[in-house]
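Engineer: Before anything else, here's the structure in question.
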Amino acid sequence: MAEPVLRVENLCCGFHTEDGYIRVVDGVSFECEAGKTLGLVGESGCGKTVSALAVMGLLPQPAGVVEEGRILFRGEDLAATSHDTMRVVRGQQIGMIFQEPMTALNPVHRVGKQLFEALRLYESGLDKDDLTARAVELLEQVGIPDPVRRLREYPHQLSGGMRQRVMIAMALAGQPEILIADEPTTALDVTVQAQILDLLRELQQERGMTMIFITHDLGVVAEFCDEVLVMYAGRIAERAPVGRLFNAPHHPYTRGLIESLPRMDTPSRTPLNTIEGVVPKLTEMPAGCRFSNRCGYADERCGREVPALESCTERSAVREPRDANGGGDTEAVEPRAARHEVACHHWQRLAA
Ligand SMILES: Nc1ncnc2c1ncn2[C@@H]1O[C@H](COP(=O)(O)OP(=O)(O)OP(=O)(O)O)[C@@H](O)[C@H]1O
Ligand code: SF4
Ligand SMILES: [Mg+2]
């Protein structure tokens, strides 16, 4: 495997709150391969956005802290680098589409002004005509019709899909090598969601970008990602290439998420499966496995011992479908080629 573009090692971060310091991301590690898309999934509050903000050096200050870990990009540890270096990395090397377009865009400034500001960050000496030409070009690239008019409008004058396209344009302004997209389609209706996903796919291919795609929508993950990191309560529950994750989930939480997906082949009026219970509060995390209060496989060991993330590739005879729809013959997987890891004391029971 080629050297990853980004390698995050044992990331631990959290916030100083009125109740003291609370760790919200606990020992998260992952790599991003050039040109590929890594999906980050998990229920609300699992630490997806905080992990991404830590990579960008954008944890809310002064409360947010990266306590431990390394964020290696081109040999440099971004967790330990200067603010000046981060200013260059942010936007020009790693761009981010933020979770809420309406809060990320400033409602009192016209779209053009906000795009100009983004462009000025990355290139000095641009005059008004240059900025307008570049902003129009960016809006065209993200499929916004009549871009000259849109530049003069305020965010509230745009539809949700348009605002998301503007956010994508802003994230692309610095021509980043890695793009982090945090729930880029969640607030959109299904048709617009599909258009935005198509746009992101096209842009990724044109620019050869590496992507981190954050979502709680496993349907989108199946369509868009090469590899998936399932997070639960600030930790990694499972990590696998996308085909393996859906065909052979080894963590009870992943299995629960997949079983909660609506299916076309179940009779109508069949109630959707759900995972009982909720993610524990940060201040009330169980001592061992954080999923233990919701897990049908939990035993006494789960309550006291944190399960390590371990490889389950070599011992499980997982076979993958030949075609993307899960059909066709199966083919044996080269044990080390597909990295599949799981943090569960009893994953063999799910693999059996
Ligand atoms: N500024 C903050 N101060 C204190 N706690 C915070 C802060 N920002 C986030 N958190 C907490 O960190 C945890 C992880 O939040 P995060 O936003 O990363 O979740 P998420 O997985 O992105 O969820 P969602 O799917 O809802 O976007 C949550 O419990 C959240 O309440
Ligand atoms: S470690 Fe135990 S509680 Fe946690 S997911 Fe595995 S079986 Fe369930
Ligand atoms: Mg989030």
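Within each chain, counting starts at residue 1; across the structure tokens, chains are named A, B, ... in the order shown, with ligands numbered 1 upward in that order.
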Ligand 2: which residues are within 7 Å, counting only C-alpha atoms and all ligand atoms, as a PyMOL selection string?

Structural biologist: chain A and resi 251-253+289-292+295-299+302+307+343-347

Engineer: Selected residues, all heavy atoms, written as a compact mmCIF listing (two decimals), in the first residue's frame, please.

Structural biologist:
# COMPACT_ATOMS: atom_id res chain seq x y z
N HIS A 251 -18.67 -5.99 14.50
CA HIS A 251 -18.96 -5.33 15.78
C HIS A 251 -20.48 -5.26 15.95
O HIS A 251 -21.19 -4.90 15.00
CB HIS A 251 -18.35 -3.92 15.78
CG HIS A 251 -18.29 -3.31 17.14
ND1 HIS A 251 -19.41 -2.84 17.80
CD2 HIS A 251 -17.25 -3.11 18.00
CE1 HIS A 251 -19.05 -2.36 18.99
NE2 HIS A 251 -17.74 -2.52 19.13
N PRO A 252 -20.98 -5.57 17.14
CA PRO A 252 -22.43 -5.53 17.34
C PRO A 252 -23.03 -4.16 17.00
O PRO A 252 -24.16 -4.08 16.51
CB PRO A 252 -22.61 -5.84 18.83
CG PRO A 252 -21.39 -6.61 19.20
CD PRO A 252 -20.28 -6.08 18.35
N TYR A 253 -22.28 -3.09 17.24
CA TYR A 253 -22.80 -1.75 16.92
C TYR A 253 -22.93 -1.57 15.41
O TYR A 253 -23.96 -1.11 14.91
CB TYR A 253 -21.87 -0.68 17.51
CG TYR A 253 -22.31 0.73 17.21
CD1 TYR A 253 -23.57 1.19 17.58
CD2 TYR A 253 -21.46 1.61 16.53
CE1 TYR A 253 -23.97 2.49 17.29
CE2 TYR A 253 -21.85 2.91 16.25
CZ TYR A 253 -23.11 3.34 16.63
OH TYR A 253 -23.51 4.62 16.35
N CYS A 289 -16.25 -1.57 27.80
CA CYS A 289 -16.73 -1.23 26.45
C CYS A 289 -17.87 -0.22 26.57
O CYS A 289 -18.83 -0.43 27.32
CB CYS A 289 -17.23 -2.50 25.76
SG CYS A 289 -18.00 -2.12 24.18
N ARG A 290 -17.77 0.85 25.82
CA ARG A 290 -18.77 1.92 25.94
C ARG A 290 -20.12 1.52 25.34
O ARG A 290 -21.12 2.20 25.54
CB ARG A 290 -18.24 3.19 25.27
CG ARG A 290 -17.07 3.74 26.05
CD ARG A 290 -16.55 5.02 25.50
NE ARG A 290 -15.64 5.60 26.49
CZ ARG A 290 -15.00 6.74 26.30
NH1 ARG A 290 -15.12 7.40 25.18
NH2 ARG A 290 -14.21 7.21 27.25
N PHE A 291 -20.13 0.43 24.59
CA PHE A 291 -21.38 -0.02 23.98
C PHE A 291 -22.10 -1.04 24.88
O PHE A 291 -23.18 -1.51 24.56
CB PHE A 291 -21.07 -0.64 22.60
CG PHE A 291 -22.28 -0.94 21.77
CD1 PHE A 291 -23.19 0.06 21.44
CD2 PHE A 291 -22.53 -2.22 21.30
CE1 PHE A 291 -24.32 -0.21 20.67
CE2 PHE A 291 -23.64 -2.51 20.52
CZ PHE A 291 -24.54 -1.50 20.20
N SER A 292 -21.49 -1.36 26.04
CA SER A 292 -21.97 -2.51 26.82
C SER A 292 -23.43 -2.36 27.28
O SER A 292 -24.14 -3.36 27.37
CB SER A 292 -21.05 -2.76 28.02
OG SER A 292 -20.93 -1.59 28.78
N CYS A 295 -25.61 -3.61 24.30
CA CYS A 295 -25.14 -4.75 23.50
C CYS A 295 -25.70 -6.08 23.99
O CYS A 295 -25.58 -6.40 25.18
CB CYS A 295 -23.61 -4.78 23.55
SG CYS A 295 -22.92 -6.13 22.60
N GLY A 296 -26.27 -6.84 23.08
CA GLY A 296 -26.84 -8.15 23.42
C GLY A 296 -25.78 -9.19 23.73
O GLY A 296 -26.10 -10.26 24.26
N TYR A 297 -24.53 -8.92 23.42
CA TYR A 297 -23.46 -9.90 23.65
C TYR A 297 -22.67 -9.58 24.93
O TYR A 297 -21.73 -10.28 25.26
CB TYR A 297 -22.47 -9.91 22.49
CG TYR A 297 -23.07 -10.35 21.18
CD1 TYR A 297 -23.78 -9.46 20.38
CD2 TYR A 297 -22.91 -11.66 20.73
CE1 TYR A 297 -24.33 -9.85 19.17
CE2 TYR A 297 -23.46 -12.07 19.52
CZ TYR A 297 -24.16 -11.16 18.76
OH TYR A 297 -24.72 -11.56 17.56
N ALA A 298 -23.03 -8.49 25.61
CA ALA A 298 -22.20 -8.02 26.73
C ALA A 298 -22.14 -9.04 27.86
O ALA A 298 -23.13 -9.68 28.19
CB ALA A 298 -22.75 -6.70 27.24
N ASP A 299 -20.96 -9.20 28.45
CA ASP A 299 -20.82 -10.02 29.65
C ASP A 299 -19.99 -9.24 30.67
O ASP A 299 -19.67 -8.06 30.45
CB ASP A 299 -20.20 -11.39 29.32
CG ASP A 299 -18.80 -11.26 28.74
OD1 ASP A 299 -18.24 -10.14 28.74
OD2 ASP A 299 -18.25 -12.27 28.28
N CYS A 302 -16.89 -7.37 29.45
CA CYS A 302 -17.17 -6.14 28.67
C CYS A 302 -17.35 -4.94 29.59
O CYS A 302 -17.01 -3.81 29.23
CB CYS A 302 -18.43 -6.32 27.83
SG CYS A 302 -18.37 -7.72 26.72
N PRO A 307 -12.18 -2.98 25.14
CA PRO A 307 -11.72 -3.86 24.05
C PRO A 307 -10.74 -3.11 23.14
O PRO A 307 -11.01 -1.97 22.74
CB PRO A 307 -13.00 -4.21 23.29
CG PRO A 307 -13.98 -3.16 23.66
CD PRO A 307 -13.58 -2.55 24.96
N ALA A 343 -13.12 -3.52 17.57
CA ALA A 343 -12.88 -3.38 19.01
C ALA A 343 -14.02 -4.03 19.77
O ALA A 343 -14.99 -3.37 20.15
CB ALA A 343 -12.76 -1.90 19.37
N CYS A 344 -13.93 -5.34 19.91
CA CYS A 344 -14.98 -6.08 20.62
C CYS A 344 -14.37 -7.37 21.15
O CYS A 344 -13.68 -8.08 20.42
CB CYS A 344 -16.13 -6.41 19.66
SG CYS A 344 -17.34 -7.54 20.36
N HIS A 345 -14.64 -7.67 22.42
CA HIS A 345 -14.08 -8.90 23.01
C HIS A 345 -14.64 -10.15 22.33
O HIS A 345 -14.04 -11.20 22.37
CB HIS A 345 -14.43 -8.96 24.50
CG HIS A 345 -13.79 -7.86 25.30
ND1 HIS A 345 -12.45 -7.59 25.23
CD2 HIS A 345 -14.33 -6.96 26.16
CE1 HIS A 345 -12.17 -6.57 26.04
NE2 HIS A 345 -13.29 -6.17 26.60
N HIS A 346 -15.82 -10.04 21.77
CA HIS A 346 -16.48 -11.25 21.27
C HIS A 346 -16.77 -11.20 19.77
O HIS A 346 -17.79 -11.73 19.31
CB HIS A 346 -17.79 -11.47 22.06
CG HIS A 346 -17.58 -11.54 23.53
ND1 HIS A 346 -16.73 -12.46 24.11
CD2 HIS A 346 -18.07 -10.78 24.55
CE1 HIS A 346 -16.70 -12.26 25.42
NE2 HIS A 346 -17.50 -11.24 25.72
N TRP A 347 -15.89 -10.55 19.02
CA TRP A 347 -16.19 -10.38 17.60
C TRP A 347 -16.27 -11.72 16.86
O TRP A 347 -16.98 -11.85 15.88
CB TRP A 347 -15.19 -9.45 16.92
CG TRP A 347 -13.76 -9.91 16.88
CD1 TRP A 347 -12.78 -9.54 17.74
CD2 TRP A 347 -13.16 -10.80 15.94
NE1 TRP A 347 -11.60 -10.14 17.39
CE2 TRP A 347 -11.81 -10.93 16.29
CE3 TRP A 347 -13.63 -11.51 14.83
CZ2 TRP A 347 -10.92 -11.73 15.58
CZ3 TRP A 347 -12.74 -12.31 14.12
CH2 TRP A 347 -11.41 -12.41 14.50

Engineer: Around ligand 3, at most 9 Å away and counting only C-alpha atoms and all ligand atoms, which residues are there? Put them as a PDB file with all heavy atoms, in the first residue's frame, please.

Structural biologist:
ATOM      1  N   SER A  44     -25.096  10.457  16.475  1.00  0.00           N
ATOM      2  CA  SER A  44     -24.819  11.824  16.899  1.00  0.00           C
ATOM      3  C   SER A  44     -24.025  11.836  18.211  1.00  0.00           C
ATOM      4  O   SER A  44     -24.322  11.061  19.116  1.00  0.00           O
ATOM      5  CB  SER A  44     -26.161  12.536  17.091  1.00  0.00           C
ATOM      6  OG  SER A  44     -25.939  13.887  17.286  1.00  0.00           O
ATOM      7  N   GLY A  45     -23.035  12.685  18.269  1.00  0.00           N
ATOM      8  CA  GLY A  45     -22.249  12.844  19.498  1.00  0.00           C
ATOM      9  C   GLY A  45     -21.093  11.871  19.628  1.00  0.00           C
ATOM     10  O   GLY A  45     -20.418  11.832  20.657  1.00  0.00           O
ATOM     11  N   CYS A  46     -20.824  11.070  18.583  1.00  0.00           N
ATOM     12  CA  CYS A  46     -19.761  10.065  18.676  1.00  0.00           C
ATOM     13  C   CYS A  46     -18.363  10.649  18.476  1.00  0.00           C
ATOM     14  O   CYS A  46     -17.368   9.933  18.613  1.00  0.00           O
ATOM     15  CB  CYS A  46     -19.996   8.940  17.672  1.00  0.00           C
ATOM     16  SG  CYS A  46     -21.283   7.822  18.229  1.00  0.00           S
ATOM     17  N   GLY A  47     -18.267  11.915  18.088  1.00  0.00           N
ATOM     18  CA  GLY A  47     -16.945  12.531  17.964  1.00  0.00           C
ATOM     19  C   GLY A  47     -16.452  12.679  16.543  1.00  0.00           C
ATOM     20  O   GLY A  47     -15.265  12.944  16.315  1.00  0.00           O
ATOM     21  N   LYS A  48     -17.337  12.566  15.575  1.00  0.00           N
ATOM     22  CA  LYS A  48     -16.917  12.649  14.166  1.00  0.00           C
ATOM     23  C   LYS A  48     -16.430  14.066  13.850  1.00  0.00           C
ATOM     24  O   LYS A  48     -15.335  14.263  13.324  1.00  0.00           O
ATOM     25  CB  LYS A  48     -18.088  12.267  13.231  1.00  0.00           C
ATOM     26  CG  LYS A  48     -18.705  10.921  13.553  1.00  0.00           C
ATOM     27  CD  LYS A  48     -19.843  10.544  12.623  1.00  0.00           C
ATOM     28  CE  LYS A  48     -21.075  11.427  12.668  1.00  0.00           C
ATOM     29  NZ  LYS A  48     -21.830  11.362  13.938  1.00  0.00           N
ATOM     30  N   THR A  49     -17.275  15.053  14.168  1.00  0.00           N
ATOM     31  CA  THR A  49     -16.911  16.438  13.853  1.00  0.00           C
ATOM     32  C   THR A  49     -15.699  16.888  14.665  1.00  0.00           C
ATOM     33  O   THR A  49     -14.792  17.531  14.128  1.00  0.00           O
ATOM     34  CB  THR A  49     -18.112  17.371  14.129  1.00  0.00           C
ATOM     35  OG1 THR A  49     -19.171  17.007  13.245  1.00  0.00           O
ATOM     36  CG2 THR A  49     -17.755  18.829  13.900  1.00  0.00           C
ATOM     37  N   VAL A  50     -15.662  16.517  15.925  1.00  0.00           N
ATOM     38  CA  VAL A  50     -14.528  16.937  16.765  1.00  0.00           C
ATOM     39  C   VAL A  50     -13.221  16.356  16.205  1.00  0.00           C
ATOM     40  O   VAL A  50     -12.206  17.052  16.149  1.00  0.00           O
ATOM     41  CB  VAL A  50     -14.764  16.525  18.246  1.00  0.00           C
ATOM     42  CG1 VAL A  50     -13.500  16.708  19.068  1.00  0.00           C
ATOM     43  CG2 VAL A  50     -15.901  17.350  18.842  1.00  0.00           C
ATOM     44  N   ALA A  52     -12.596  15.707  13.087  1.00  0.00           N
ATOM     45  CA  ALA A  52     -12.266  16.465  11.871  1.00  0.00           C
ATOM     46  C   ALA A  52     -11.750  17.864  12.218  1.00  0.00           C
ATOM     47  O   ALA A  52     -10.768  18.339  11.622  1.00  0.00           O
ATOM     48  CB  ALA A  52     -13.507  16.570  10.984  1.00  0.00           C
ATOM     49  N   PHE A  98     -18.164  22.457   6.105  1.00  0.00           N
ATOM     50  CA  PHE A  98     -18.644  22.370   7.485  1.00  0.00           C
ATOM     51  C   PHE A  98     -20.075  21.843   7.544  1.00  0.00           C
ATOM     52  O   PHE A  98     -20.828  21.926   6.575  1.00  0.00           O
ATOM     53  CB  PHE A  98     -18.513  23.733   8.165  1.00  0.00           C
ATOM     54  CG  PHE A  98     -17.071  24.115   8.342  1.00  0.00           C
ATOM     55  CD1 PHE A  98     -16.410  24.874   7.383  1.00  0.00           C
ATOM     56  CD2 PHE A  98     -16.361  23.670   9.446  1.00  0.00           C
ATOM     57  CE1 PHE A  98     -15.071  25.190   7.528  1.00  0.00           C
ATOM     58  CE2 PHE A  98     -15.023  23.991   9.593  1.00  0.00           C
ATOM     59  CZ  PHE A  98     -14.373  24.751   8.628  1.00  0.00           C
ATOM     60  N   GLN A  99     -20.415  21.327   8.745  1.00  0.00           N
ATOM     61  CA  GLN A  99     -21.666  20.582   8.899  1.00  0.00           C
ATOM     62  C   GLN A  99     -22.914  21.422   8.630  1.00  0.00           C
ATOM     63  O   GLN A  99     -23.841  20.960   8.014  1.00  0.00           O
ATOM     64  CB  GLN A  99     -21.718  19.985  10.319  1.00  0.00           C
ATOM     65  CG  GLN A  99     -22.876  19.041  10.518  1.00  0.00           C
ATOM     66  CD  GLN A  99     -22.698  18.169  11.761  1.00  0.00           C
ATOM     67  OE1 GLN A  99     -21.703  18.253  12.464  1.00  0.00           O
ATOM     68  NE2 GLN A  99     -23.670  17.328  12.015  1.00  0.00           N
ATOM     69  N   ASP A 182     -18.239  17.264   6.073  1.00  0.00           N
ATOM     70  CA  ASP A 182     -18.930  16.888   7.303  1.00  0.00           C
ATOM     71  C   ASP A 182     -20.442  16.961   7.081  1.00  0.00           C
ATOM     72  O   ASP A 182     -21.015  18.043   7.024  1.00  0.00           O
ATOM     73  CB  ASP A 182     -18.490  17.841   8.432  1.00  0.00           C
ATOM     74  CG  ASP A 182     -18.963  17.357   9.801  1.00  0.00           C
ATOM     75  OD1 ASP A 182     -19.676  16.331   9.868  1.00  0.00           O
ATOM     76  OD2 ASP A 182     -18.614  18.008  10.807  1.00  0.00           O
ATOM     77  N   GLU A 183     -21.069  15.824   6.961  1.00  0.00           N
ATOM     78  CA  GLU A 183     -22.516  15.723   6.722  1.00  0.00           C
ATOM     79  C   GLU A 183     -22.943  16.662   5.589  1.00  0.00           C
ATOM     80  O   GLU A 183     -23.853  17.485   5.775  1.00  0.00           O
ATOM     81  CB  GLU A 183     -23.299  16.080   8.001  1.00  0.00           C
ATOM     82  CG  GLU A 183     -22.933  15.271   9.216  1.00  0.00           C
ATOM     83  CD  GLU A 183     -23.697  13.965   9.343  1.00  0.00           C
ATOM     84  OE1 GLU A 183     -24.422  13.605   8.393  1.00  0.00           O
ATOM     85  OE2 GLU A 183     -23.543  13.301  10.368  1.00  0.00           O
ATOM     86  N   ILE A 214     -17.917  12.473   6.325  1.00  0.00           N
ATOM     87  CA  ILE A 214     -18.555  12.239   7.627  1.00  0.00           C
ATOM     88  C   ILE A 214     -20.065  12.192   7.444  1.00  0.00           C
ATOM     89  O   ILE A 214     -20.650  13.097   6.856  1.00  0.00           O
ATOM     90  CB  ILE A 214     -18.193  13.375   8.612  1.00  0.00           C
ATOM     91  CG1 ILE A 214     -16.670  13.455   8.773  1.00  0.00           C
ATOM     92  CG2 ILE A 214     -18.885  13.165   9.945  1.00  0.00           C
ATOM     93  CD1 ILE A 214     -16.205  14.588   9.658  1.00  0.00           C
ATOM     94  N   THR A 215     -20.665  11.142   7.964  1.00  0.00           N
ATOM     95  CA  THR A 215     -22.114  11.030   7.809  1.00  0.00           C
ATOM     96  C   THR A 215     -22.664  10.028   8.817  1.00  0.00           C
ATOM     97  O   THR A 215     -21.921   9.212   9.361  1.00  0.00           O
ATOM     98  CB  THR A 215     -22.486  10.568   6.381  1.00  0.00           C
ATOM     99  OG1 THR A 215     -23.889  10.432   6.282  1.00  0.00           O
ATOM    100  CG2 THR A 215     -21.849   9.234   6.015  1.00  0.00           C
ATOM    101  N   HIS A 216     -23.959  10.125   9.103  1.00  0.00           N
ATOM    102  CA  HIS A 216     -24.538   9.020   9.871  1.00  0.00           C
ATOM    103  C   HIS A 216     -25.432   8.180   8.959  1.00  0.00           C
ATOM    104  O   HIS A 216     -26.146   7.302   9.404  1.00  0.00           O
ATOM    105  CB  HIS A 216     -25.298   9.539  11.094  1.00  0.00           C
ATOM    106  CG  HIS A 216     -26.359  10.515  10.768  1.00  0.00           C
ATOM    107  ND1 HIS A 216     -26.196  11.868  10.921  1.00  0.00           N
ATOM    108  CD2 HIS A 216     -27.588  10.339  10.258  1.00  0.00           C
ATOM    109  CE1 HIS A 216     -27.287  12.480  10.530  1.00  0.00           C
ATOM    110  NE2 HIS A 216     -28.149  11.572  10.110  1.00  0.00           N
TER     111      HIS A 216
END

Engineer: Tell me which of A:Ala194, A:Thr81, A:Ser29, A:Leu105 sits closest to Gly69 (chain A), counting only C-alpha atoms.

Structural biologist: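 Result for the nearest residue to Gly69 (chain A): A:Ser29.
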
Engineer: When DSSP is applied to the backbone of this structure, which of region 194-239 of chain A are assigned strand (DSSP E or B)? Write them out as a VMD selection string.

Structural biologist: chain A and resid 210 to 214 227 to 232 235 to 239

Engineer: Emit the selected residues as a short mmCIF file (atom, residue, chain, number, x, y, z; two decimals), in the first residue's frame, including N, CA, C and O atoms.

Structural biologist:
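Wrote selection_30.cif, looks like this:
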data_model
loop_
_atom_site.label_atom_id
_atom_site.label_comp_id
_atom_site.auth_asym_id
_atom_site.auth_seq_id
_atom_site.Cartn_x
_atom_site.Cartn_y
_atom_site.Cartn_z
N THR A 210 -8.31 13.43 -2.10
CA THR A 210 -8.58 12.43 -1.08
C THR A 210 -9.71 12.98 -0.23
O THR A 210 -9.75 14.18 0.03
N MET A 211 -10.64 12.12 0.18
CA MET A 211 -11.77 12.66 0.96
C MET A 211 -12.00 11.93 2.27
O MET A 211 -11.80 10.72 2.36
N ILE A 212 -12.41 12.72 3.25
CA ILE A 212 -12.96 12.14 4.48
C ILE A 212 -14.43 12.54 4.48
O ILE A 212 -14.75 13.73 4.44
N PHE A 213 -15.29 11.56 4.48
CA PHE A 213 -16.71 11.82 4.33
C PHE A 213 -17.42 11.46 5.64
O PHE A 213 -17.48 10.30 6.01
N ILE A 214 -17.92 12.47 6.33
CA ILE A 214 -18.55 12.24 7.63
C ILE A 214 -20.06 12.19 7.44
O ILE A 214 -20.65 13.10 6.86
N GLU A 227 -13.43 3.07 2.26
CA GLU A 227 -13.14 2.45 3.55
C GLU A 227 -13.98 3.17 4.60
O GLU A 227 -14.30 4.34 4.44
N VAL A 228 -14.30 2.47 5.67
CA VAL A 228 -15.19 3.07 6.67
C VAL A 228 -14.63 2.91 8.08
O VAL A 228 -14.10 1.85 8.44
N LEU A 229 -14.78 3.98 8.84
CA LEU A 229 -14.42 3.96 10.25
C LEU A 229 -15.72 4.16 11.02
O LEU A 229 -16.38 5.18 10.87
N VAL A 230 -16.10 3.17 11.82
CA VAL A 230 -17.32 3.31 12.61
C VAL A 230 -16.93 3.79 14.00
O VAL A 230 -16.13 3.14 14.68
N MET A 231 -17.46 4.95 14.39
CA MET A 231 -17.12 5.48 15.71
C MET A 231 -18.29 5.30 16.66
O MET A 231 -19.45 5.44 16.26
N TYR A 232 -17.95 4.99 17.90
CA TYR A 232 -18.98 4.94 18.92
C TYR A 232 -18.45 5.59 20.19
O TYR A 232 -17.40 5.19 20.70
N ARG A 235 -14.75 6.52 20.36
CA ARG A 235 -13.73 5.52 20.03
C ARG A 235 -14.07 4.84 18.70
O ARG A 235 -15.23 4.87 18.27
N ILE A 236 -13.08 4.16 18.13
CA ILE A 236 -13.36 3.39 16.92
C ILE A 236 -13.92 2.04 17.32
O ILE A 236 -13.34 1.32 18.13
N ALA A 237 -15.07 1.70 16.74
CA ALA A 237 -15.65 0.39 16.99
C ALA A 237 -15.16 -0.59 15.93
O ALA A 237 -14.82 -1.73 16.22
N GLU A 238 -15.13 -0.12 14.68
CA GLU A 238 -14.75 -1.03 13.59
C GLU A 238 -14.22 -0.22 12.42
O GLU A 238 -14.63 0.93 12.19
N ARG A 239 -13.31 -0.84 11.69
CA ARG A 239 -12.76 -0.19 10.51
C ARG A 239 -12.62 -1.26 9.43
O ARG A 239 -12.09 -2.34 9.69
#

Engineer: Need the shell around Cys225 (chain A): protein/DNA/RNA residues with any atom at most 12 Å away, counting only C-alpha atoms. Skip same-chain ones fewer than 3 positions apart. Format as a VMD selection string?

Structural biologist: chain A and resid 32 to 33 35 to 41 181 197 200 to 201 204 210 to 215 217 to 222 228 to 229 240 to 243 245 to 246 324

Engineer: Give me the residues within 9 Å of Val55 (chain A) as a PyMOL selection string, counting only C-alpha atoms and dropping any in the same chain fewer than 2 places off.

Structural biologist: chain A and resi 8+50-53+57-59+71+78-79+94
